[in-house]
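Enquirer: What follows is upload-v5.json; its format and atoms are JSON, C-alpha atoms.
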[["chain", "number", "residue", "atom", "x", "y", "z"],
["A", 115, "MET", "CA", 51.25, -2.86, 129.72],
["A", 116, "LEU", "CA", 53.41, -0.98, 132.18],
["A", 117, "VAL", "CA", 54.59, -3.15, 135.05],
["A", 118, "ARG", "CA", 56.19, -1.41, 138.02],
["A", 119, "PRO", "CA", 57.61, -2.52, 141.35],
["A", 120, "LYS", "CA", 55.00, -1.80, 144.02],
["A", 121, "ALA", "CA", 55.47, 1.27, 146.17],
["A", 122, "GLY", "CA", 57.48, 0.50, 149.29],
["A", 123, "ILE", "CA", 59.37, -2.42, 147.80],
["A", 124, "LEU", "CA", 63.11, -1.87, 147.52],
["A", 125, "ASP", "CA", 64.03, -1.46, 143.85],
["A", 126, "PRO", "CA", 67.81, -1.92, 143.64],
["A", 127, "GLN", "CA", 67.82, -1.28, 139.87],
["A", 128, "GLY", "CA", 66.16, 2.09, 140.42],
["A", 129, "ALA", "CA", 68.62, 2.85, 143.22],
["A", 130, "ALA", "CA", 71.59, 2.01, 140.98],
["A", 131, "VAL", "CA", 70.27, 4.27, 138.22],
["A", 132, "GLU", "CA", 69.63, 7.02, 140.76],
["A", 133, "ARG", "CA", 73.26, 6.82, 141.89],
["A", 134, "ALA", "CA", 74.55, 6.80, 138.31],
["A", 135, "LEU", "CA", 72.76, 9.90, 137.02],
["A", 136, "PRO", "CA", 74.50, 12.52, 139.22],
["A", 137, "ALA", "CA", 77.83, 11.04, 138.16],
["A", 138, "LEU", "CA", 76.92, 12.14, 134.64],
["A", 139, "GLY", "CA", 75.98, 15.62, 135.79],
["A", 140, "PHE", "CA", 72.20, 15.09, 136.00],
["A", 141, "GLU", "CA", 71.34, 16.61, 139.36],
["A", 142, "GLY", "CA", 68.05, 16.70, 141.23],
["A", 143, "VAL", "CA", 66.98, 13.13, 140.40],
["A", 144, "SER", "CA", 65.14, 11.09, 143.02],
["A", 145, "GLN", "CA", 62.61, 8.28, 143.42],
["A", 146, "VAL", "CA", 63.89, 6.31, 140.41],
["A", 147, "ARG", "CA", 61.95, 3.10, 139.82],
["A", 148, "VAL", "CA", 62.68, 0.69, 136.98],
["A", 149, "GLY", "CA", 59.78, -1.31, 135.58],
["A", 150, "ARG", "CA", 58.92, -3.13, 132.39],
["A", 151, "LEU", "CA", 57.00, -2.30, 129.22],
["A", 152, "ILE", "CA", 55.19, -5.15, 127.48],
["A", 153, "GLU", "CA", 53.85, -4.44, 123.99],
["A", 154, "LEU", "CA", 51.44, -6.80, 122.29],
["A", 155, "GLU", "CA", 48.61, -6.95, 119.77],
["A", 156, "VAL", "CA", 45.41, -8.50, 120.99],
["A", 157, "SER", "CA", 41.99, -9.08, 119.44],
["A", 158, "ASP", "CA", 40.11, -8.65, 122.72],
["A", 159, "PRO", "CA", 41.58, -5.92, 124.98],
["A", 160, "ASP", "CA", 39.21, -6.99, 127.76],
["A", 161, "THR", "CA", 41.47, -9.97, 128.38],
["A", 162, "LEU", "CA", 44.48, -7.75, 129.20],
["A", 163, "PRO", "CA", 43.88, -7.36, 132.95],
["A", 164, "ALA", "CA", 43.54, -11.14, 133.35],
["A", 165, "MET", "CA", 46.78, -11.60, 131.38],
["A", 166, "CYS", "CA", 48.52, -9.25, 133.77],
["A", 167, "GLU", "CA", 47.08, -10.94, 136.86],
["A", 168, "ARG", "CA", 47.98, -14.45, 135.73],
["A", 169, "LEU", "CA", 51.32, -14.04, 133.98],
["A", 170, "LEU", "CA", 52.62, -10.64, 132.93],
["A", 171, "ALA", "CA", 52.79, -9.20, 136.45],
["A", 172, "ASN", "CA", 53.03, -10.68, 139.94],
["A", 173, "PRO", "CA", 50.38, -8.67, 141.80],
["A", 174, "LEU", "CA", 52.11, -9.31, 145.14],
["A", 175, "ILE", "CA", 55.17, -7.30, 144.11],
["A", 176, "GLU", "CA", 54.14, -5.37, 140.99],
["A", 177, "ASP", "CA", 51.47, -2.89, 139.86],
["A", 178, "TYR", "CA", 50.38, -2.88, 136.25],
["A", 179, "GLU", "CA", 48.70, -0.39, 134.00],
["A", 180, "VAL", "CA", 47.06, -1.16, 130.64],
["A", 181, "LEU", "CA", 47.55, 1.43, 127.91],
["A", 182, "LEU", "CA", 45.53, 1.01, 124.70],
["A", 183, "ASP", "CA", 46.59, 2.29, 121.31],
["A", 184, "GLY", "CA", 44.65, 1.96, 118.07],
["A", 185, "VAL", "CA", 41.43, 0.55, 119.53],
["A", 186, "SER", "CA", 38.81, 0.42, 116.77],
["B", 109, "MET", "CA", 59.88, -45.02, 148.60],
["B", 110, "LYS", "CA", 60.31, -42.95, 145.47],
["B", 111, "PHE", "CA", 61.20, -39.26, 145.08],
["B", 112, "GLY", "CA", 60.76, -37.33, 141.82],
["B", 113, "VAL", "CA", 62.91, -34.43, 140.66],
["B", 114, "VAL", "CA", 61.29, -32.11, 138.12],
["B", 115, "VAL", "CA", 63.40, -31.30, 135.06],
["B", 116, "PHE", "CA", 62.57, -28.09, 133.20],
["B", 117, "PRO", "CA", 64.46, -26.74, 130.21],
["B", 118, "GLY", "CA", 67.03, -24.61, 132.01],
["B", 119, "SER", "CA", 67.15, -26.65, 135.22],
["B", 120, "CYS", "CA", 70.79, -27.10, 136.19],
["B", 121, "ASP", "CA", 70.73, -28.64, 139.67],
["B", 122, "ASP", "CA", 68.42, -31.53, 138.80],
["B", 123, "VAL", "CA", 71.24, -34.08, 138.70],
["B", 124, "ASP", "CA", 72.66, -33.02, 142.07],
["B", 125, "ALA", "CA", 69.13, -33.08, 143.48],
["B", 126, "GLN", "CA", 68.66, -36.63, 142.21],
["B", 127, "LEU", "CA", 72.00, -37.69, 143.70],
["B", 128, "ALA", "CA", 71.02, -36.15, 147.03],
["B", 129, "CYS", "CA", 67.59, -37.84, 146.97],
["B", 130, "ALA", "CA", 69.29, -41.13, 146.11],
["B", 131, "ARG", "CA", 71.03, -41.01, 149.50],
["B", 132, "VAL", "CA", 67.68, -41.57, 151.17],
["B", 133, "ALA", "CA", 65.25, -43.05, 148.61],
["B", 134, "ASP", "CA", 64.73, -44.19, 145.03],
["B", 135, "VAL", "CA", 64.50, -41.29, 142.63],
["B", 136, "VAL", "CA", 63.19, -40.60, 139.12],
["B", 137, "PRO", "CA", 63.36, -37.49, 136.94],
["B", 138, "LEU", "CA", 59.98, -35.89, 136.10],
["B", 139, "TRP", "CA", 60.02, -34.30, 132.65],
["B", 140, "HIS", "CA", 58.37, -30.88, 132.49],
["B", 141, "ALA", "CA", 56.26, -31.72, 129.44],
["B", 142, "ASP", "CA", 54.71, -34.88, 130.92],
["B", 143, "HIS", "CA", 51.45, -34.85, 132.84],
["B", 144, "ASP", "CA", 52.83, -37.69, 134.97],
["B", 145, "LEU", "CA", 54.33, -37.88, 138.46],
["B", 146, "GLN", "CA", 55.12, -41.60, 138.02],
["B", 147, "GLY", "CA", 53.64, -42.43, 141.40],
["B", 148, "VAL", "CA", 56.35, -40.64, 143.39],
["B", 149, "ASP", "CA", 55.95, -40.11, 147.12],
["B", 150, "ALA", "CA", 57.57, -36.66, 147.16],
["B", 151, "VAL", "CA", 58.53, -34.03, 144.59],
["B", 152, "VAL", "CA", 61.68, -31.90, 144.51],
["B", 153, "ILE", "CA", 61.71, -28.85, 142.22],
["B", 154, "PRO", "CA", 65.41, -28.14, 141.66],
["B", 155, "GLY", "CA", 67.47, -25.05, 141.06],
["B", 156, "GLY", "CA", 68.38, -23.53, 137.73],
["B", 157, "PHE", "CA", 66.90, -21.12, 135.26],
["B", 158, "SER", "CA", 63.67, -22.78, 134.15],
["B", 159, "TYR", "CA", 62.52, -21.47, 130.76],
["B", 160, "GLY", "CA", 65.36, -18.98, 130.93],
["B", 161, "ASP", "CA", 63.72, -17.22, 133.90],
["B", 162, "TYR", "CA", 62.06, -15.03, 131.25],
["B", 163, "LEU", "CA", 59.63, -12.39, 132.53],
["B", 164, "ARG", "CA", 60.21, -13.35, 136.21],
["B", 165, "ALA", "CA", 62.05, -16.29, 137.73],
["B", 166, "GLY", "CA", 59.60, -19.21, 137.82],
["B", 167, "ALA", "CA", 56.77, -17.34, 136.08],
["B", 168, "ILE", "CA", 56.75, -19.50, 132.93],
["B", 169, "ALA", "CA", 57.74, -22.78, 134.60],
["B", 170, "ARG", "CA", 54.76, -22.47, 136.90],
["B", 171, "PHE", "CA", 52.54, -23.22, 133.87],
["B", 172, "ALA", "CA", 54.56, -26.21, 132.60],
["B", 173, "PRO", "CA", 52.43, -29.33, 132.00],
["B", 174, "VAL", "CA", 53.94, -31.27, 134.90],
["B", 175, "MET", "CA", 53.10, -28.43, 137.28],
["B", 176, "THR", "CA", 49.38, -29.21, 136.96],
["B", 177, "GLU", "CA", 50.12, -32.55, 138.60],
["B", 178, "VAL", "CA", 52.60, -31.08, 141.10],
["B", 179, "ILE", "CA", 50.03, -28.51, 142.23],
["B", 180, "ASP", "CA", 47.31, -31.18, 142.54],
["B", 181, "PHE", "CA", 49.77, -33.38, 144.44],
["B", 182, "ALA", "CA", 50.57, -30.53, 146.84],
["B", 183, "HIS", "CA", 46.90, -29.68, 147.35],
["B", 184, "ALA", "CA", 46.29, -33.33, 148.21],
["B", 185, "GLY", "CA", 48.94, -33.12, 150.94],
["B", 186, "GLY", "CA", 51.93, -34.49, 149.02],
["B", 187, "TYR", "CA", 55.37, -33.28, 150.06],
["B", 188, "VAL", "CA", 57.02, -30.78, 147.72],
["B", 189, "MET", "CA", 60.43, -29.18, 148.26],
["B", 190, "GLY", "CA", 61.42, -26.25, 146.04],
["B", 191, "ILE", "CA", 65.11, -25.38, 146.02],
["B", 192, "CYS", "CA", 66.24, -21.96, 144.74],
["B", 193, "ASN", "CA", 64.54, -21.72, 141.32],
["B", 194, "GLY", "CA", 62.14, -24.36, 142.66],
["B", 195, "PHE", "CA", 61.32, -22.00, 145.55],
["B", 196, "GLN", "CA", 60.61, -19.25, 143.01],
["B", 197, "VAL", "CA", 58.38, -21.63, 141.03],
["B", 198, "CYS", "CA", 56.44, -22.57, 144.19],
["B", 199, "CYS", "CA", 55.87, -18.90, 145.04],
["B", 200, "GLU", "CA", 54.73, -18.09, 141.50],
["B", 201, "ALA", "CA", 52.41, -21.11, 141.60],
["B", 202, "GLY", "CA", 50.83, -19.89, 144.82],
["B", 203, "LEU", "CA", 52.01, -22.97, 146.72],
["B", 204, "LEU", "CA", 54.08, -20.78, 149.04],
["B", 205, "PRO", "CA", 53.51, -17.27, 150.38],
["B", 206, "GLY", "CA", 55.67, -14.35, 149.25],
["B", 207, "ALA", "CA", 57.99, -13.77, 146.32],
["B", 208, "LEU", "CA", 61.70, -13.73, 145.52],
["B", 209, "LEU", "CA", 63.12, -10.46, 144.22],
["B", 210, "THR", "CA", 66.44, -9.46, 142.67],
["B", 211, "ASN", "CA", 69.24, -9.43, 145.24],
["B", 212, "ALA", "CA", 69.63, -6.03, 146.89],
["B", 213, "SER", "CA", 73.24, -5.99, 145.62],
["B", 214, "LEU", "CA", 72.05, -6.71, 142.04],
["B", 215, "ARG", "CA", 74.88, -9.26, 142.01],
["B", 216, "PHE", "CA", 74.96, -13.01, 141.62],
["B", 217, "VAL", "CA", 76.11, -14.46, 144.94],
["B", 218, "CYS", "CA", 77.77, -17.84, 145.30],
["B", 219, "ARG", "CA", 79.04, -18.66, 148.75],
["B", 220, "GLN", "CA", 78.71, -20.94, 151.74],
["B", 221, "VAL", "CA", 76.32, -19.47, 154.32],
["B", 222, "SER", "CA", 75.38, -20.46, 157.82],
["B", 223, "LEU", "CA", 71.69, -21.01, 158.41],
["B", 224, "GLU", "CA", 69.66, -21.18, 161.56],
["B", 225, "VAL", "CA", 67.00, -23.87, 161.78],
["B", 226, "VAL", "CA", 64.17, -21.70, 163.10],
["B", 227, "ASN", "CA", 61.63, -24.51, 163.14],
["B", 228, "GLY", "CA", 62.93, -28.07, 163.58],
["B", 229, "ASP", "CA", 59.41, -29.40, 163.90],
["B", 230, "THR", "CA", 58.40, -29.57, 160.23],
["B", 231, "ALA", "CA", 58.22, -32.44, 157.76],
["B", 232, "PHE", "CA", 61.42, -31.13, 156.16],
["B", 233, "THR", "CA", 63.45, -30.46, 159.33],
["B", 234, "ARG", "CA", 62.34, -33.19, 161.75],
["B", 235, "ALA", "CA", 65.83, -34.77, 161.71],
["B", 236, "LEU", "CA", 67.24, -31.42, 162.88],
["B", 237, "LEU", "CA", 66.87, -29.39, 166.04],
["B", 238, "SER", "CA", 65.42, -25.90, 166.29],
["B", 239, "GLY", "CA", 68.33, -23.53, 166.80],
["B", 240, "ALA", "CA", 70.81, -25.78, 164.98],
["B", 241, "THR", "CA", 73.23, -24.18, 162.52],
["B", 242, "LEU", "CA", 73.72, -25.54, 159.00],
["B", 243, "SER", "CA", 76.46, -24.72, 156.52],
["B", 244, "ILE", "CA", 74.95, -24.81, 153.02],
["B", 245, "PRO", "CA", 75.84, -22.88, 149.83],
["B", 246, "VAL", "CA", 73.68, -20.27, 148.11],
["B", 247, "LYS", "CA", 74.05, -19.28, 144.45],
["B", 248, "HIS", "CA", 71.48, -16.96, 143.00],
["B", 249, "THR", "CA", 70.64, -13.49, 141.69],
["B", 250, "THR", "CA", 66.96, -13.52, 142.64],
["B", 251, "GLY", "CA", 66.79, -14.60, 146.26],
["B", 252, "ARG", "CA", 65.52, -11.63, 148.23],
["B", 253, "TYR", "CA", 62.51, -13.01, 150.08],
["B", 254, "TYR", "CA", 59.63, -10.59, 150.26],
["B", 255, "ALA", "CA", 56.16, -10.72, 151.75],
["B", 256, "PRO", "CA", 53.99, -7.86, 153.02],
["B", 257, "GLU", "CA", 54.66, -6.91, 156.64],
["B", 258, "GLN", "CA", 51.46, -8.39, 158.08],
["B", 259, "GLU", "CA", 52.09, -11.61, 156.17],
["B", 260, "LEU", "CA", 55.60, -11.79, 157.65],
["B", 261, "GLU", "CA", 54.12, -11.40, 161.13],
["B", 262, "ARG", "CA", 51.66, -14.19, 160.42],
["B", 263, "LEU", "CA", 54.39, -16.48, 159.03],
["B", 264, "GLU", "CA", 56.63, -15.92, 162.06],
["B", 265, "ALA", "CA", 53.78, -16.52, 164.50],
["B", 266, "ALA", "CA", 52.73, -19.71, 162.73],
["B", 267, "GLY", "CA", 56.24, -21.14, 162.64],
["B", 268, "GLN", "CA", 56.32, -20.99, 158.84],
["B", 269, "VAL", "CA", 59.74, -19.33, 158.77],
["B", 270, "VAL", "CA", 61.83, -22.51, 158.77],
["B", 271, "LEU", "CA", 65.34, -21.30, 157.91],
["B", 272, "ARG", "CA", 67.04, -17.97, 158.49],
["B", 273, "TYR", "CA", 70.44, -16.72, 157.39],
["B", 274, "GLY", "CA", 72.81, -16.50, 160.36],
["B", 275, "PRO", "CA", 73.87, -13.13, 161.79],
["B", 276, "GLY", "CA", 75.64, -11.09, 159.10],
["B", 277, "GLN", "CA", 75.09, -13.85, 156.53],
["B", 278, "ASN", "CA", 72.10, -12.54, 154.58],
["B", 279, "PRO", "CA", 73.36, -12.69, 150.97],
["B", 280, "ASN", "CA", 70.46, -11.00, 149.21],
["B", 281, "GLY", "CA", 68.59, -8.55, 151.44],
["B", 282, "ALA", "CA", 65.81, -11.02, 152.25],
["B", 283, "LEU", "CA", 63.32, -9.54, 154.70],
["B", 284, "ARG", "CA", 63.92, -10.78, 158.26],
["B", 285, "ASP", "CA", 66.87, -12.84, 156.94],
["B", 286, "ILE", "CA", 64.40, -15.45, 155.68],
["B", 287, "ALA", "CA", 66.04, -18.31, 153.76],
["B", 288, "GLY", "CA", 63.23, -20.87, 153.76],
["B", 289, "VAL", "CA", 59.47, -20.96, 154.39],
["B", 290, "ILE", "CA", 56.80, -23.64, 154.59],
["B", 291, "ASN", "CA", 53.14, -23.41, 153.65],
["B", 292, "GLU", "CA", 50.37, -23.31, 156.22],
["B", 293, "GLN", "CA", 49.53, -27.00, 155.73],
["B", 294, "GLY", "CA", 53.18, -27.94, 156.27],
["B", 295, "ASN", "CA", 53.69, -30.01, 153.11],
["B", 296, "VAL", "CA", 55.35, -27.50, 150.75],
["B", 297, "PHE", "CA", 58.77, -26.11, 151.63],
["B", 298, "GLY", "CA", 60.91, -23.65, 149.70],
["B", 299, "LEU", "CA", 64.46, -22.50, 150.36],
["B", 300, "MET", "CA", 67.07, -20.47, 148.53],
["B", 301, "PRO", "CA", 70.17, -22.36, 149.79],
["B", 302, "HIS", "CA", 71.13, -25.60, 148.06],
["B", 303, "PRO", "CA", 71.07, -28.61, 150.41],
["B", 304, "GLU", "CA", 71.70, -30.90, 147.42],
["B", 305, "HIS", "CA", 75.18, -29.36, 147.12],
["B", 306, "ALA", "CA", 75.94, -30.18, 150.76],
["B", 307, "VAL", "CA", 75.61, -33.95, 150.99],
["B", 308, "ASP", "CA", 79.25, -35.03, 150.66],
["B", 309, "GLU", "CA", 82.42, -34.14, 152.57],
["B", 310, "LEU", "CA", 84.08, -33.67, 149.20],
["B", 311, "THR", "CA", 82.32, -30.33, 148.81],
["B", 312, "GLY", "CA", 82.86, -29.22, 152.39],
["B", 313, "SER", "CA", 79.61, -29.97, 154.20],
["B", 314, "THR", "CA", 77.03, -32.70, 154.64],
["B", 315, "ASP", "CA", 74.56, -30.45, 156.43],
["B", 316, "GLY", "CA", 72.08, -30.65, 153.56],
["B", 317, "LEU", "CA", 71.47, -34.33, 154.19],
["B", 318, "GLY", "CA", 69.32, -33.60, 157.23],
["B", 319, "LEU", "CA", 66.64, -32.02, 155.06],
["B", 320, "PHE", "CA", 66.49, -35.01, 152.69],
["B", 321, "ALA", "CA", 66.51, -37.44, 155.63],
["B", 322, "SER", "CA", 63.69, -35.48, 157.23],
["B", 323, "LEU", "CA", 61.68, -35.72, 154.03],
["B", 324, "ARG", "CA", 62.32, -39.48, 153.88],
["B", 325, "ASP", "CA", 61.13, -39.89, 157.47],
["B", 326, "SER", "CA", 58.02, -37.79, 156.83],
["B", 327, "VAL", "CA", 57.09, -39.71, 153.70],
["B", 328, "GLY", "CA", 57.75, -42.95, 155.58],
["B", 329, "ALA", "CA", 55.38, -41.89, 158.33],
["B", 330, "LEU", "CA", 52.78, -40.94, 155.72],
["B", 331, "VAL", "CA", 52.88, -44.03, 153.51],
["B", 332, "GLY", "CA", 54.05, -46.47, 156.16],
["B", 333, "GLY", "CA", 56.78, -47.52, 153.77],
["B", 334, "GLY", "CA", 60.46, -46.90, 153.92],
["B", 335, "ARG", "CA", 63.52, -48.27, 152.35]]
As C-alpha cells - that is how I would like this structure written.

Expert:
Amino acid sequence: MLVRPKAGILDPQGAAVERALPALGFEGVSQVRVGRLIELEVSDPDTLPAMCERLLANPLIEDYEVLLDGVS
Amino acid sequence: MKFGVVVFPGSCDDVDAQLACARVADVVPLWHADHDLQGVDAVVIPGGFSYGDYLRAGAIARFAPVMTEVIDFAHAGGYVMGICNGFQVCCEAGLLPGALLTNASLRFVCRQVSLEVVNGDTAFTRALLSGATLSIPVKHTTGRYYAPEQELERLEAAGQVVLRYGPGQNPNGALRDIAGVINEQGNVFGLMPHPEHAVDELTGSTDGLGLFASLRDSVGALVGGGR
C-alpha cells in the first residue's frame, strides 16, 4: 500500500527534502511529497481497502493506493 | 465523584493527569488492556506516546481494549478529555473532528504558550470566561490541527473551537491557531496544551486548574453528586 498526504495538505517533510536537494546540486525539483510504503502478505487481497480505511491510512489526511504483486 | 485516567503503554503524562484530577475529584487509573471503566464519572486520556505512536499518533491506541468502553461512554454522553496524545487518540477514534499532523517546523516544541478561551460556555471551560487568556505549556511533535476548510467553518460557527493559541504563539502551524476543539454534542474535548502541567505555582502557572474544575462542575451537574 502506498499512503500519501492528501493534495493541499502542507507536507513539511516533503518541503524539507525539496529544500535539501538543490543544496546537493539536484536542480529542477518541485512538488516533493513524502508518504509511506506498507508491504504485507495477505490471503485475501479484497480486505486491503478496508485495512487502509480502518488503520493503515487516515482517510481525512491521507490517500492510499493498493498495489498487488504475485496474485495467483 | 470519580475521574479515570487511561494508561496506555507509552503514556507519560498519566501521573500528572491523575495528580491534576485529584485536585478536584477522586481518581483511578484505567489500564489499557481492561474492558472496565470502574464506574468513573469522567475519563481523561493523557499525553505521551501510546503504543510508540507507531503508524500515526493515536492510531493503534484507538483500538486498545479500554477504548471500546471509552467510546461507548462518550456516545452515551459521558465526559471525555483528551490531552495531547489523548487528543490524537480521540481524533483517530472519530470522537473529535479533524486530525493532528506533524508540526510545520518538523521540530519537537516544548514551551509555555498563551491561549485564548474562545468558548467559555462548554462543559470543560465553564469556570472560565470567553476571551480569557491562559498560560499553559505545550510539548509535542504532532500538534498541527487540521480539518478541511468547510469543516473548520462549521466548527467555528458552532462554537466548537474552544481554545486558540494567542497572537504569534502558534507552535505547530495549526490551522486557524486551533489548540482545542469539542465535539458537536459537547461532551468530548481535545487539546494539545497540557493543563495537567499547570496546576501548581511550583511550575509557573495554575491556569490549567480551571479546565479540571470545569469538568468537576459539569459532572456534578450531571450526576447531582460532588465532593

Enquirer: Please identify every residue of chain B that has at least one atom no farther than 12 Å from an atom of chain A, counting all atoms listed in the file, and for each give the shortest atom pair and the distance in Å to one decimal, arranged by chain then increasing number, as a Markdown table.

Expert:
| residue | atom | partner | partner_atom | distance |
| --- | --- | --- | --- | --- |
| B:Tyr162 | CA | A:Leu170 | CA | 10.5 |
| B:Leu163 | CA | A:Leu170 | CA | 7.2 |
| B:Arg164 | CA | A:Ala171 | CA | 8.5 |
| B:Ala165 | CA | A:Asn172 | CA | 10.8 |
| B:Gly166 | CA | A:Leu169 | CA | 10.5 |
| B:Ala167 | CA | A:Leu169 | CA | 6.7 |
| B:Ile168 | CA | A:Leu169 | CA | 7.8 |
| B:Ala169 | CA | A:Leu169 | CA | 10.9 |
| B:Arg170 | CA | A:Leu169 | CA | 9.6 |
| B:Phe171 | CA | A:Leu169 | CA | 9.3 |
| B:Gln196 | CA | A:Asn172 | CA | 11.8 |
| B:Cys199 | CA | A:Asn172 | CA | 10.1 |
| B:Glu200 | CA | A:Asn172 | CA | 7.8 |
| B:Ala201 | CA | A:Arg168 | CA | 9.9 |
| B:Gly202 | CA | A:Asn172 | CA | 10.7 |
| B:Pro205 | CA | A:Leu174 | CA | 9.6 |
| B:Gly206 | CA | A:Leu174 | CA | 7.4 |
| B:Ala207 | CA | A:Ile175 | CA | 7.4 |
| B:Leu208 | CA | A:Ile175 | CA | 9.3 |
| B:Leu209 | CA | A:Ile175 | CA | 8.6 |
| B:Thr210 | CA | A:Pro126 | CA | 7.7 |
| B:Asn211 | CA | A:Pro126 | CA | 7.8 |
| B:Ala212 | CA | A:Pro126 | CA | 5.5 |
| B:Ser213 | CA | A:Pro126 | CA | 7.1 |
| B:Leu214 | CA | A:Pro126 | CA | 6.6 |
| B:Arg215 | CA | A:Pro126 | CA | 10.3 |
| B:Thr250 | CA | A:Pro126 | CA | 11.7 |
| B:Arg252 | CA | A:Leu124 | CA | 10.1 |
| B:Tyr253 | CA | A:Ile175 | CA | 11.1 |
| B:Tyr254 | CA | A:Ile175 | CA | 8.3 |
| B:Ala255 | CA | A:Leu174 | CA | 7.9 |
| B:Pro256 | CA | A:Leu174 | CA | 8.2 |
| B:Glu257 | CA | A:Gly122 | CA | 10.8 |
| B:Glu259 | CA | A:Leu174 | CA | 11.3 |
| B:Asn280 | CA | A:Pro126 | CA | 11.0 |
| B:Gly281 | CA | A:Leu124 | CA | 9.5 |
| B:Ala282 | CA | A:Leu124 | CA | 10.6 |
| B:Leu283 | CA | A:Leu124 | CA | 10.5 |

Enquirer: Just give me the gap between atom CA of Gly190 of chain B and atom CA of Cys129 of chain B in Å, one decimal is fine.

Expert: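 About the pair atom CA of Gly190 of chain B and atom CA of Cys129 of chain B: they are 13.2 Å apart.
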
Enquirer: One decimal, in Å: what's the spacing between atom CA of Ala172 of chain B and atom CA of Ala306 of chain B?

Expert: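 We find that atom CA of Ala172 of chain B and atom CA of Ala306 of chain B lie 28.3 Å from each other.
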
Enquirer: Out of B:Ala265, B:Gln146, B:Arg131, B:Gly194, which residue has the shortest atom-to-atom distance to Phe116 of chain B when counting all atoms listed in the file?

Expert: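 Between B:Ala265, B:Gln146, B:Arg131, B:Gly194, the residue approaching Phe116 of chain B most closely is B:Gly194.
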
Enquirer: Considering all atoms listed in the file, state which residue in the set B:Ala184, B:Leu138, B:Ala287, B:Val225 is at the smallest distance from Val246 of chain B.

Expert: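 Closest candidate: B:Ala287.
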
Enquirer: So the first atom is atom CA of Ile286 of chain B and the second is atom CA of Ala329 of chain B; what is the distance between them in Å, to one decimal place?

Expert: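 Going from atom CA of Ile286 of chain B over to atom CA of Ala329 of chain B, I get 28.1 Å.
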
Enquirer: Excluding same-chain residues fewer than 5 positions from Gly147 of chain B, what lies within 12 Å of it counting all atoms listed in the file, as a ChimeraX atom specification?

Expert: /B:109-112,134-138,177-178,181,186

Enquirer: So, with all atoms listed in the file as the atoms that count, which of B:Phe232, B:Phe195, B:Phe216, B:Tyr273 lies closest to Gly298 of chain B?

Expert: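 Looking at the shortest contact to Gly298 of chain B, the residue is B:Phe195.
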